[in-house]
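Report on the following structure.
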Amino acid sequence: MDKRLFYKIAAICIMSLLMLVPLALIKDQIRERSQRQNEVQASIANSAAGPQTLVGPVLAVHYREQVEIAVPKEEQSGRGETRLQVVERTLLLPPESLNMAGETVVETRNRGIYQARLFRLGLASSGRFVVKPLAETRTAGRILEARAELVLGISDPRGVNNDPEAIINGKPQRFASPGATGATGADGKESPVRRLSINLGPLDVQRESRFDFSFPLQLTGTARLAIAPTGEANHIELKSAWPHPNFAGRFLPTTRTVSKDGFTADWQISHLARNFEATLNPARGEFLSIDFVDPVNVYLQSERAVKYGVLFIALTFAGFFLTEILRRSPIHPMQYLLVGLALAIFFLLLIAFSEHLPFPLAYGLSAVACIGLIATYLSGALGGFRQGFAFGAGLTGLYGVLYGVLLSEDNALLMGSLLLFLALGATMLATRRLDWYRLGAQLNGQAEQ
């Protein structure tokens with residue numbers, strides 16, 4: 001291969017690598033803006049209410065039990081001595097049935113150009129607790145007395161918008177102020193849960209007790225709603241006008257419908273499908289959840305677009321090189337560099353416009369600006385409007401493919417692979433009759449002229 005041709009190809013490769021610098025700077029800018037967006041979301045959540053996890057209700061039975069314990073050896077006067085001691089214990093019981101039906105309304109809070117999404121949940125809960133006679137079920141000792149307490153756990157009680165009036169066995173009662181209970185996850189870190197409680201009074205330890213309950217709850221949260229299915233039989237139904245839910249957690253809906261008008265979801269969960277002890281600890285993740293996701297995360301999509309920046313520049317430089325060798329029209333390295341910078345500026349324009357405009361419009365404006373600039377420049381650099389228009393048409397196709405990739409993340413690899421295959425195929429077909437050994441001499445002759 002002629003040295004001049006080799007140097008030309010080496011220069012193009014070096015300029016392609018140099019384009020990684022502005023692309024990296026733009027990617028850092030996108031990440032910085034994305035981090036700022038997360039900080040604003042956390043700030044709004046700190047002022048209103050964070051992601052909400054609802055645990056319960058469960059029934060806490062506090063009882064005093066007289067048990068027989070062994071006397072320590074140093075205190076014994078004989079062998080096998082025991083004594084009676086009263087201990088206090090708590091037994092947590094799941095509801096025999098738990099029914100929840102609610103509707104969420106999602107609203108947007110703005111702070112400057114950044115946004116956070118809050119949801120407001122209107123929930124109606126009902127169910128029944130059945131307490132077997134403690135004197136029969138607790139055989140370690142003699143039950144002296146017992147009392148019951150209905151407990152509802154909420155991760156962030158600041159989001160409780162009402163003073164819910166619970167109906168227990170037909171009588172209205174109010175929840176007491178929240179208290180903290182420590183819950184330790186698998187990683188050993190404490191994840192405190194705030195609890196609302198209702199004192200149900202003493203229990204007859206010799207007889208079975210039943211508690212039918214119902215209460216409304218209005219709850220505000222940020223981004224995510226999670227519910228722990230504590231009942232023996234759980235029926236949970238949620239609906240919303242938000243058309244972009246993400247169902248997650250350990251339990252997916254039994255049935256769900258998602259459309260542009262919103263979603264409805266229904267869960268039927270039995271005690272065989274869940275671990276009761278795990279549902280009491282949010283850190284163990286035994287819950288169903290709905291994330292009210294942003295349908296267009298401009299920072300995520302912009303960052304994904306930048307990943308294709310090198311491909312854009314490489315294909316454009318390849319087009320320049322083909323034009324240079326097929327039309328015998330030399331293109332100066334500075335022209336390569338200016339066009340490469342114009343391609344990089346597209347991604348900066350994209351993130352700047354998308355913070356103020358809908359993403360499709362921001363993408364269109366950025367693409368039109370860069371394609372127009374490059375086509376106009378190349379019309380003069382290549383000595384004709386047709387050449388500039390041809391490159392502009394090719395860039396329009398590239399931007400169209402990129403937009404399709406951004407809209408369809410599942411097909412991104414397929415579309416990117418097809419684009420590379422088509423580009424390679426077009427290059428091979430265009431140069432299939434080219435004599436690369438004579439190309440260097442021809443370029444040298446043109447340069448000398």
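Chain identifiers are assigned as A, B, and so on, following the order in which chains appear in the structure tokens; residues are numbered from 1 within each chain, and ligands are numbered from 1 in order of appearance.
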(message) I'd like to know which residues of region 105-275 of chain A are alpha helix (DSSP H) (by DSSP, run on the backbone); could you write them as a list in words?
(response)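 The residues of region 105-275 of chain A classed as alpha helix (DSSP H) are Leu134, Ala135, Glu136 and Thr137 of chain A.
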(request) Write out as a ChimeraX atom specification the residues lying within 12 Å of region 252-261 of chain A, counting only C-alpha atoms and excluding same-chain residues fewer than 2 positions away. (result) /A:226-227,234-250,263-270,273,286-290,295
(message) Give me, as a PyMOL selection string, all polymer residues having an atom no more than 9 Å from Arg83 (chain A), counting only C-alpha atoms and skipping those fewer than 5 positions away in the same chain.
(response) chain A and resi 67-71
(request) Have a look at CA of Arg195 (chain A) and CA of Val106 (chain A) and let me know their distance in Å, one decimal. (result)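 Interatomic distance, CA of Arg195 (chain A) to CA of Val106 (chain A): 24.8 Å.
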(message) Just want the 12 Å neighbourhood of Cys13 (chain A), counted on only C-alpha atoms, with same-chain residues fewer than 6 positions away dropped. Output as an MDAnalysis selection string.
(response) chainID A and resid 6:7 19:20 310 313:315 317:318 321 333 336:337
Using only C-alpha atoms, please write the residues we just selected to a file, as a PDB file, in the first residue's frame.
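Final output, result-v9.pdb:
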```pdb
ATOM      1  CA  PHE A   6      -1.608   4.584   4.643  1.00  0.00           C
ATOM      2  CA  TYR A   7      -1.042   7.977   6.274  1.00  0.00           C
ATOM      3  CA  MET A  19     -13.728  12.478  18.756  1.00  0.00           C
ATOM      4  CA  LEU A  20     -14.008  10.285  21.857  1.00  0.00           C
ATOM      5  CA  VAL A 310     -18.613   6.837  17.713  1.00  0.00           C
ATOM      6  CA  ILE A 313     -18.639   9.549  13.325  1.00  0.00           C
ATOM      7  CA  ALA A 314     -17.031   6.392  11.960  1.00  0.00           C
ATOM      8  CA  LEU A 315     -19.767   5.929   9.335  1.00  0.00           C
ATOM      9  CA  PHE A 317     -15.772   9.462   8.009  1.00  0.00           C
ATOM     10  CA  ALA A 318     -16.120   6.254   6.017  1.00  0.00           C
ATOM     11  CA  PHE A 321     -13.206   8.455   2.504  1.00  0.00           C
ATOM     12  CA  PRO A 333      -8.222  16.311   7.595  1.00  0.00           C
ATOM     13  CA  TYR A 336     -13.044  15.631   8.706  1.00  0.00           C
ATOM     14  CA  LEU A 337     -12.469  17.198  12.119  1.00  0.00           C
TER      15      LEU A 337
END
```
(request) Give me, please, the distance in Å between CA of Ile374 (chain A) and CA of Ala362 (chain A), quoted to one decimal. (result)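 CA of Ala362 (chain A) lies at a distance of 18.4 Å from CA of Ile374 (chain A).
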(request) Grab the CA of Arg194 (chain A) to CA of Arg210 (chain A) distance for me, in Å with one decimal place. (result) 25.6 Å
(message) Using only C-alpha atoms, which protein or nucleic acid residues come within 9 Å of Ala45 (chain A)? Drop anything in the same chain fewer than 4 positions from it, and give the result as a count of residues only.
(response) 9
(request) Would you mind telling me which residue in A:Gln52, A:Asn38, A:Thr82, A:Asn281 lies nearest to Leu225 (chain A) when using only C-alpha atoms? (result)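 Using only C-alpha atoms, the shortest distance to Leu225 (chain A) belongs to A:Gln52.
Among A:Val205, A:Met100, A:Val105, A:Leu18, the residue with the shortest atom-to-atom distance to Arg147 (chain A), counting only C-alpha atoms, is A:Val205.
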